[in-house]
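Data first, discussion second: the structure below is written as structure tokens.
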Amino acid sequence: MSRISGKGDIVNSDRLQPLVSAHLGHSNVQILKHLDVLTAVSQFNTILCRGGVVLTLAISNQKGGSAKTTTAINLGAAIAILGKRVLLVDTDPQGHLAEGFGLPAGALERELSLVLDGKLSLPEIIITVRPNLDLAPSNIKLSYLEASLFARHRREDKLKNALAAAKNNYDIIIIDCPPSLGLLTVNALSAAESVLIPMVCDFYTMLGVGLLLEVIEEMRVELNPSLRILGILPTRLNRTIHAREVLERTKLELKDRVKVFEPAVNESVRFKEAVAAGKTIFEHAPDIKGAEAYRNLAKEIADGL
Ligand SMILES: Nc1ncnc2c1ncn2[C@@H]1O[C@H](COP(=O)(O)OP(=O)(O)O)[C@@H](O)[C@H]1O
Ligand SMILES: [Mg+2]
């Protein structure tokens, strides 16, 4: 077992690797077994070669703070700048997508809970936030609705059915998931054809990604046979040895099975400032490396749309 030191040379680690083997490494024996069936490398290409068909992409990680919303905003904005029509859908009752565009989520009268409850159609709640970039916002009412959905027929299909009313207007629909594996995430994974997993490079998040891969496989078998993993996007990467170890280990474990997008999005306070200002990173700090990472990913995805 080895780790990469700050200077780039290989040194022995007696701390991270045994833990990794015991948790990620061990559980990945199972995960990789699933993924052998599920995610041949060629599937990345399939996903990225759409030939004009709308792509529904869920951005999911049950851990809060893993940059799901930041990725939804900035990936969506970057794809919109490339001239594709993008719809962002917020399935997190925290309403951060609206807040990220400077809209107070709590004050929204038309939001996703009304759509999932059958009271409005999706187009009726959509707000255009930038050229080519639309938003179906949410707020706290979605968590009340989630509780009431449990008793309903086909509760996991509500979002999928709602999206059907808007699909023709977009090249890509990006669904921002909540930090949980509850019914709202199940709805997102049921509606999506593809999942992007933002991952902060720390140990607990890495373990959580192993669990999420298992859940995605379960979803694929039980609910949504066309669900595929687009890849993992390392985010908030800092200069610590630990972060680099986690990134290298993740790449090694998932090699040839789940794509780990590069470059990673570096940690930068500019992302926090951008949200506070209601701006995308391309409006606030377009020249930082993290903005470039989102532009690269956007280009890779948009090329296939
Ligand atoms: N690359 C980054 N560098 C620094 N801060 C970031 C970065 N990406 C996201 N953040 C910040 O981290 C926090 C959590 O990000 P967020 O996108 O809300 O995560 P999630 O939606 O997964 O809970 C927010 O304050 C956000 O501004
Ligand atoms: Mg979020």
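Numbering starts fresh at 1 for the residues of each chain in the structure tokens, the chains themselves are lettered A, B, ... in the order given, and ligands are numbered from 1 as they appear.
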
**OP:** Please report, as a PyMOL selection string, each residue of region 116-163 of chain A to which DSSP assigns alpha helix (DSSP H) when run on this structure's backbone.
**Re:** chain A and resi 116+141-149+158-163

Subject >> Neighbourhood of ligand 2 at 6 Å, counting only C-alpha atoms and all ligand atoms, reported as number ranges by chain >> reply: A: 68-69, 96

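Proximity of A:Leu254, A:Ser113, A:Glu273, A:Asn224 to Lys160 (chain A), computed with only C-alpha atoms, is greatest for A:Asn224.
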
How close does chain A get to ligand 1? List, as a tab-separated table, each residue of chain A within 9 Å, its nearest atom pair and the distance in Å to one decimal, counting only C-alpha atoms and all ligand atoms.
```
residue	atom	partner	partner_atom_place_in_ligand_line	distance
A:Ile59	CA	ligand 1	22 (O)	8.8
A:Ser60	CA	ligand 1	22 (O)	7.9
A:Asn61	CA	ligand 1	22 (O)	6.8
A:Gln62	CA	ligand 1	22 (O)	7.9
A:Lys63	CA	ligand 1	22 (O)	6.5
A:Gly64	CA	ligand 1	23 (O)	3.8
A:Gly65	CA	ligand 1	23 (O)	3.6
A:Ser66	CA	ligand 1	22 (O)	3.7
A:Ala67	CA	ligand 1	17 (O)	3.2
A:Lys68	CA	ligand 1	22 (O)	3.8
A:Thr69	CA	ligand 1	17 (O)	3.8
A:Thr70	CA	ligand 1	17 (O)	3.7
A:Thr71	CA	ligand 1	17 (O)	6.3
A:Ala72	CA	ligand 1	17 (O)	7.9
A:Ile73	CA	ligand 1	17 (O)	8.5
A:Asp92	CA	ligand 1	21 (O)	8.5
A:His96	CA	ligand 1	18 (O)	7.0
A:Leu97	CA	ligand 1	21 (O)	8.6
A:Gly100	CA	ligand 1	18 (O)	8.9
A:Asp176	CA	ligand 1	21 (O)	7.5
A:Cys177	CA	ligand 1	21 (O)	7.7
A:Pro178	CA	ligand 1	21 (O)	7.2
A:Pro179	CA	ligand 1	23 (O)	6.2
A:Pro198	CA	ligand 1	22 (O)	7.5
A:Met199	CA	ligand 1	22 (O)	8.6
A:Val200	CA	ligand 1	8 (N)	8.8
A:Thr235	CA	ligand 1	1 (N)	5.6
A:Arg236	CA	ligand 1	1 (N)	3.9
A:Leu237	CA	ligand 1	1 (N)	6.9
A:Asn238	CA	ligand 1	3 (N)	8.6
A:Ala264	CA	ligand 1	1 (N)	8.9
A:Val265	CA	ligand 1	1 (N)	5.3
A:Asn266	CA	ligand 1	1 (N)	5.0
A:Glu267	CA	ligand 1	3 (N)	3.4
A:Ser268	CA	ligand 1	3 (N)	3.9
A:Val269	CA	ligand 1	4 (C)	4.9
A:Arg270	CA	ligand 1	4 (C)	6.8
A:Phe271	CA	ligand 1	27 (O)	5.0
A:Lys272	CA	ligand 1	27 (O)	3.6
A:Glu273	CA	ligand 1	27 (O)	7.2
A:Ala274	CA	ligand 1	27 (O)	7.5
A:Val275	CA	ligand 1	27 (O)	6.0
A:Ala276	CA	ligand 1	27 (O)	8.1
A:Gly290	CA	ligand 1	1 (N)	6.1
A:Ala291	CA	ligand 1	1 (N)	8.8
```

Resulting file, chosen residues, N, CA and C atoms, as a compact mmCIF listing (two decimals), in the first residue's frame:
```txt
# COMPACT_ATOMS: atom_id res chain seq x y z
N ILE A 59 -27.56 15.19 -10.25
CA ILE A 59 -26.31 15.46 -9.53
C ILE A 59 -26.55 15.04 -8.10
N SER A 60 -25.90 13.95 -7.72
CA SER A 60 -26.30 13.32 -6.46
C SER A 60 -25.10 12.95 -5.60
N ASN A 61 -25.27 13.15 -4.33
CA ASN A 61 -24.35 12.65 -3.30
C ASN A 61 -25.08 12.91 -1.98
N GLN A 62 -25.28 11.87 -1.20
CA GLN A 62 -26.11 12.03 0.00
C GLN A 62 -25.44 12.89 1.05
N LYS A 63 -24.16 13.19 0.84
CA LYS A 63 -23.46 14.02 1.83
C LYS A 63 -23.68 15.51 1.50
N GLY A 64 -24.10 16.27 2.49
CA GLY A 64 -24.22 17.71 2.31
C GLY A 64 -22.84 18.32 2.12
N GLY A 65 -22.78 19.42 1.42
CA GLY A 65 -21.51 20.12 1.25
C GLY A 65 -20.60 19.52 0.21
N SER A 66 -21.11 18.60 -0.61
CA SER A 66 -20.21 18.00 -1.61
C SER A 66 -20.25 18.74 -2.95
N ALA A 67 -20.83 19.92 -2.94
CA ALA A 67 -20.84 20.81 -4.12
C ALA A 67 -21.83 20.38 -5.19
N LYS A 68 -22.90 19.71 -4.80
CA LYS A 68 -23.96 19.37 -5.77
C LYS A 68 -24.57 20.64 -6.37
N THR A 69 -25.00 21.53 -5.50
CA THR A 69 -25.69 22.73 -5.98
C THR A 69 -24.73 23.62 -6.76
N THR A 70 -23.52 23.76 -6.27
CA THR A 70 -22.51 24.55 -6.98
C THR A 70 -22.25 23.96 -8.36
N THR A 71 -22.23 22.63 -8.43
CA THR A 71 -22.02 21.96 -9.73
C THR A 71 -23.23 22.16 -10.63
N ALA A 72 -24.43 22.03 -10.07
CA ALA A 72 -25.63 22.23 -10.90
C ALA A 72 -25.64 23.64 -11.49
N ILE A 73 -25.37 24.63 -10.66
CA ILE A 73 -25.40 26.02 -11.13
C ILE A 73 -24.34 26.25 -12.21
N ASP A 92 -34.13 19.71 -3.78
CA ASP A 92 -33.71 19.88 -2.38
C ASP A 92 -34.58 20.95 -1.71
N HIS A 96 -31.63 25.86 -2.41
CA HIS A 96 -30.37 26.56 -2.66
C HIS A 96 -30.16 26.97 -4.12
N LEU A 97 -30.79 26.23 -5.04
CA LEU A 97 -30.61 26.62 -6.45
C LEU A 97 -31.17 28.02 -6.70
N GLY A 100 -29.01 30.57 -5.06
CA GLY A 100 -27.76 30.74 -5.81
C GLY A 100 -27.90 31.71 -6.97
N ASP A 176 -30.72 18.80 -9.34
CA ASP A 176 -29.92 18.95 -8.12
C ASP A 176 -30.61 18.15 -7.00
N CYS A 177 -29.91 17.18 -6.43
CA CYS A 177 -30.52 16.29 -5.43
C CYS A 177 -30.29 16.80 -4.01
N PRO A 178 -31.16 16.39 -3.07
CA PRO A 178 -30.95 16.75 -1.67
C PRO A 178 -29.85 15.90 -1.04
N PRO A 179 -29.36 16.30 0.12
CA PRO A 179 -28.30 15.52 0.80
C PRO A 179 -28.90 14.37 1.59
N PRO A 198 -20.62 14.57 -7.52
CA PRO A 198 -19.54 15.44 -7.04
C PRO A 198 -19.00 14.86 -5.73
N MET A 199 -17.71 14.87 -5.60
CA MET A 199 -17.11 14.26 -4.40
C MET A 199 -16.01 15.15 -3.82
N VAL A 200 -16.22 15.60 -2.60
CA VAL A 200 -15.14 16.29 -1.89
C VAL A 200 -14.12 15.22 -1.52
N THR A 235 -14.43 17.60 -6.25
CA THR A 235 -14.67 19.04 -6.04
C THR A 235 -13.98 19.51 -4.76
N ARG A 236 -13.86 20.82 -4.65
CA ARG A 236 -13.29 21.47 -3.47
C ARG A 236 -11.93 20.86 -3.12
N LEU A 237 -11.19 20.53 -4.15
CA LEU A 237 -9.88 19.89 -3.92
C LEU A 237 -8.91 20.89 -3.31
N ASN A 238 -8.34 20.53 -2.17
CA ASN A 238 -7.35 21.42 -1.56
C ASN A 238 -5.96 20.78 -1.69
N ALA A 264 -9.99 18.23 -11.51
CA ALA A 264 -10.88 18.41 -10.37
C ALA A 264 -11.19 19.91 -10.21
N VAL A 265 -12.27 20.20 -9.49
CA VAL A 265 -12.59 21.59 -9.18
C VAL A 265 -11.85 21.95 -7.88
N ASN A 266 -10.95 22.89 -7.97
CA ASN A 266 -10.18 23.27 -6.78
C ASN A 266 -11.02 24.05 -5.78
N GLU A 267 -10.60 23.96 -4.52
CA GLU A 267 -11.23 24.78 -3.46
C GLU A 267 -10.89 26.25 -3.73
N SER A 268 -11.91 27.08 -3.73
CA SER A 268 -11.67 28.52 -3.87
C SER A 268 -12.81 29.27 -3.21
N VAL A 269 -12.46 30.26 -2.43
CA VAL A 269 -13.48 31.06 -1.74
C VAL A 269 -14.35 31.81 -2.74
N ARG A 270 -13.89 31.93 -3.96
CA ARG A 270 -14.68 32.61 -5.02
C ARG A 270 -16.04 31.95 -5.22
N PHE A 271 -16.12 30.61 -5.01
CA PHE A 271 -17.40 29.92 -5.19
C PHE A 271 -18.39 30.37 -4.11
N LYS A 272 -17.90 30.54 -2.90
CA LYS A 272 -18.80 30.99 -1.81
C LYS A 272 -19.23 32.43 -2.07
N GLU A 273 -18.29 33.24 -2.51
CA GLU A 273 -18.63 34.65 -2.82
C GLU A 273 -19.67 34.72 -3.93
N ALA A 274 -19.50 33.87 -4.93
CA ALA A 274 -20.41 33.90 -6.08
C ALA A 274 -21.85 33.62 -5.63
N VAL A 275 -22.02 32.57 -4.81
CA VAL A 275 -23.36 32.23 -4.31
C VAL A 275 -23.94 33.41 -3.52
N ALA A 276 -23.13 33.99 -2.66
CA ALA A 276 -23.61 35.10 -1.84
C ALA A 276 -24.04 36.28 -2.71
N GLY A 290 -11.13 26.60 -11.02
CA GLY A 290 -12.40 25.89 -10.82
C GLY A 290 -13.41 26.21 -11.92
N ALA A 291 -13.41 27.46 -12.38
CA ALA A 291 -14.31 27.84 -13.48
C ALA A 291 -13.91 27.08 -14.74
```

Subject >> Selected residue, from A:Ala98, A:Ala105, A:Leu252, A:Ile173, that lies nearest to Ala80 (chain A) when counting only C-alpha atoms >> reply: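 The answer is A:Ile173, which sits nearest to Ala80 (chain A).
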